[in-house]
Amino acid sequence: MEKKSASFFAKNHFLGGRIIFSLLFMVGLGCKNSPEPLPLILQQEYTLNIPAPSGLSWGNVNNQLLVVSDSDSKFYRISTSGQIIGSINVQADDLEGIAWNEKTGEIWVLDELKGEVIKLTAGGSEIGRISIDLSISTANNRLEGIAIDSEEEKIYVVNEKDPGMLAVLAFDGTPLEEYSLTWAEDYSGLFYDSQGEFLWIISDQSRVLARCDLKGKPLETYILPFEKAEGLVISADGNEVYIVNDETGRLYVFGF
């Protein structure tokens with residue numbers, strides 16, 4: 001398992017580019033009403049032996065994460081230091097997101113091409129599918145992330161771009177709300193924070209992580225030192241964020 005120091009990464013990728021990234025986000029993207037971006041502190045990074053990791057969730061075991069790959073149609077159980085514990089095949093075309101239902105223990109994965117949420121048991125057996133029917137056209141329906149509020153029985157999904165959108169659905173797939181997202185170039189993943197009832201949304205192209213209200217409006221923004229951020233989770237104490245990168249195949253741990 002390869003691990004590099006935070007100081008090495010920060011020296012070469014983060015500190016030198018923080019001002020540039022901030023200007024791109026605030027000026028180049030026209031986000032005049034967005035909060036001023038804040039820095040993240042890289043704590044650890046780990047190499048994942050997982051092709052194209054594209055979504056991230058907590059699992060039903062302490063210190064265990066769930067990751068989906070859009071390359072081999074599997075979800076993986078990993079430790080918080082990136083070690084693979086196991087993997088399950090999923091009958092899907094392009095997995096782009098994963099979420100754990102805290103109440104039932106089910107694992108829900110998002111198939112981008114079919115526009116479906118596939119419901120699985122904790123052991124990986126399929127138990128149902130939910131069709132995601134949004135107001136946008138099928139050609140632009142590039143779903144990139146999923147999060148679950150198990151208490152209110154709501155599904156949150158983000159459409160990548162053209163248009164950027166946050167959609168809220170009931171657990172049976174009934175559309176409830178749709179919100180336009182315009183504060184970044186694209187939207188590649190999200191996480192529901194049940195502690196504060198927030199959504200965290202990440203942008204690959206804009207290199208931005210945002211803590212948002214439940215309508216997708218940024219309350220705080222943080223600059224990322226790389227593109228291709230595809231999945232994230234927030235620690236229970238709210239002090240750390242875990243992010244997977246589709247291009248580098250790594251798990252990064254940042255502090256706020």
# chains A, B, ... in the order shown; residues from 1 in each chain; ligands from 1
>>> residues_around(residues="A:Ile146", least_positions_apart="6", cutoff="9 Å", atoms="only C-alpha atoms", output="list in words")
Gly55, Glu96, Gly97, Ile98, Ala99, Trp108, Val109, Leu110, Val117, Ile155, Tyr156, Val157, Val158, Gly189, Leu190, Phe191 and Tyr192 of chain A
>>> residues_around(residues="stretch 180-188 of chain A", least_positions_apart="5", cutoff="10 Å", atoms="only C-alpha atoms", output="PyMOL selection string")
chain A and resi 25-26+28-34+54-55+96-97+142-146+158-167+201-210+215-218+228-232
>>> write_last_selection(atoms="C-alpha atoms", output="PDB file, in the first residue's frame")
ATOM      1  CA  PHE A  25     -13.687  29.536  -8.897  1.00  0.00           C
ATOM      2  CA  MET A  26     -14.705  33.081  -7.976  1.00  0.00           C
ATOM      3  CA  GLY A  28     -13.791  32.339 -14.090  1.00  0.00           C
ATOM      4  CA  LEU A  29     -16.971  30.589 -13.022  1.00  0.00           C
ATOM      5  CA  GLY A  30     -18.847  33.771 -12.216  1.00  0.00           C
ATOM      6  CA  CYS A  31     -19.737  32.692  -8.687  1.00  0.00           C
ATOM      7  CA  LYS A  32     -20.135  36.225  -7.273  1.00  0.00           C
ATOM      8  CA  ASN A  33     -22.552  35.090  -4.606  1.00  0.00           C
ATOM      9  CA  SER A  34     -20.586  32.026  -3.485  1.00  0.00           C
ATOM     10  CA  SER A  54     -16.230   6.787  -8.938  1.00  0.00           C
ATOM     11  CA  GLY A  55     -18.291   6.912  -5.757  1.00  0.00           C
ATOM     12  CA  GLU A  96     -21.177   6.340 -10.663  1.00  0.00           C
ATOM     13  CA  GLY A  97     -22.371   6.512  -7.074  1.00  0.00           C
ATOM     14  CA  ARG A 142     -25.560  12.083 -16.750  1.00  0.00           C
ATOM     15  CA  LEU A 143     -26.162  11.175 -13.138  1.00  0.00           C
ATOM     16  CA  GLU A 144     -22.946  11.376 -11.140  1.00  0.00           C
ATOM     17  CA  GLY A 145     -23.731  10.945  -7.472  1.00  0.00           C
ATOM     18  CA  ILE A 146     -26.271   9.651  -4.976  1.00  0.00           C
ATOM     19  CA  VAL A 158     -26.807  15.202  -9.004  1.00  0.00           C
ATOM     20  CA  ASN A 159     -26.734  15.606 -12.763  1.00  0.00           C
ATOM     21  CA  GLU A 160     -23.193  16.314 -13.946  1.00  0.00           C
ATOM     22  CA  LYS A 161     -23.790  19.252 -16.316  1.00  0.00           C
ATOM     23  CA  ASP A 162     -25.876  20.633 -19.210  1.00  0.00           C
ATOM     24  CA  PRO A 163     -27.737  21.276 -16.965  1.00  0.00           C
ATOM     25  CA  GLY A 164     -26.241  20.944 -13.525  1.00  0.00           C
ATOM     26  CA  MET A 165     -29.014  19.793 -11.245  1.00  0.00           C
ATOM     27  CA  LEU A 166     -29.793  18.464  -7.792  1.00  0.00           C
ATOM     28  CA  ALA A 167     -32.866  16.226  -7.745  1.00  0.00           C
ATOM     29  CA  ILE A 201     -21.241  18.384  -3.280  1.00  0.00           C
ATOM     30  CA  ILE A 202     -17.982  18.024  -5.165  1.00  0.00           C
ATOM     31  CA  SER A 203     -16.935  19.328  -8.590  1.00  0.00           C
ATOM     32  CA  ASP A 204     -14.347  17.527 -10.699  1.00  0.00           C
ATOM     33  CA  GLN A 205     -13.630  20.286 -13.217  1.00  0.00           C
ATOM     34  CA  SER A 206     -13.860  23.253 -10.859  1.00  0.00           C
ATOM     35  CA  ARG A 207     -11.802  21.506  -8.143  1.00  0.00           C
ATOM     36  CA  VAL A 208     -14.267  22.558  -5.483  1.00  0.00           C
ATOM     37  CA  LEU A 209     -15.906  20.934  -2.464  1.00  0.00           C
ATOM     38  CA  ALA A 210     -18.983  22.703  -1.073  1.00  0.00           C
ATOM     39  CA  LYS A 215     -31.323  22.816  -2.134  1.00  0.00           C
ATOM     40  CA  GLY A 216     -27.683  22.679  -3.247  1.00  0.00           C
ATOM     41  CA  LYS A 217     -26.780  26.260  -2.347  1.00  0.00           C
ATOM     42  CA  PRO A 218     -23.155  26.548  -1.099  1.00  0.00           C
ATOM     43  CA  LYS A 228     -11.240  14.054 -11.131  1.00  0.00           C
ATOM     44  CA  ALA A 229     -12.624  14.050  -7.594  1.00  0.00           C
ATOM     45  CA  GLU A 230     -15.527  11.610  -7.954  1.00  0.00           C
ATOM     46  CA  GLY A 231     -16.733  10.592  -4.495  1.00  0.00           C
ATOM     47  CA  LEU A 232     -16.627  11.801  -0.915  1.00  0.00           C
TER      48      LEU A 232
END
>>> residues_around(residues="A:Ser69", least_positions_apart="6", cutoff="7 Å", atoms="only C-alpha atoms", output="PyMOL selection string")
chain A and resi 50-54+75+95
>>> write_last_selection(atoms="C-alpha atoms", output="PDB file, in the first residue's frame")
ATOM      1  CA  ILE A  50      -9.466  -0.297  -7.733  1.00  0.00           C
ATOM      2  CA  PRO A  51      -9.898   0.803 -11.358  1.00  0.00           C
ATOM      3  CA  ALA A  52     -11.583   4.197 -11.815  1.00  0.00           C
ATOM      4  CA  PRO A  53     -13.122   4.686  -8.344  1.00  0.00           C
ATOM      5  CA  SER A  54     -16.230   6.787  -8.938  1.00  0.00           C
ATOM      6  CA  PHE A  75     -18.482  -2.192  -5.427  1.00  0.00           C
ATOM      7  CA  LEU A  95     -21.641   2.745 -11.793  1.00  0.00           C
TER       8      LEU A  95
END
>>> closest_residue(among="A:Glu197, A:Glu153, A:Glu227, A:Glu112", to="A:Asp213", atoms="only C-alpha atoms")
A:Glu197
>>> atom_distance(atom1="atom CA of A:Asp72", atom2="atom CA of A:Glu126")
17.1 Å
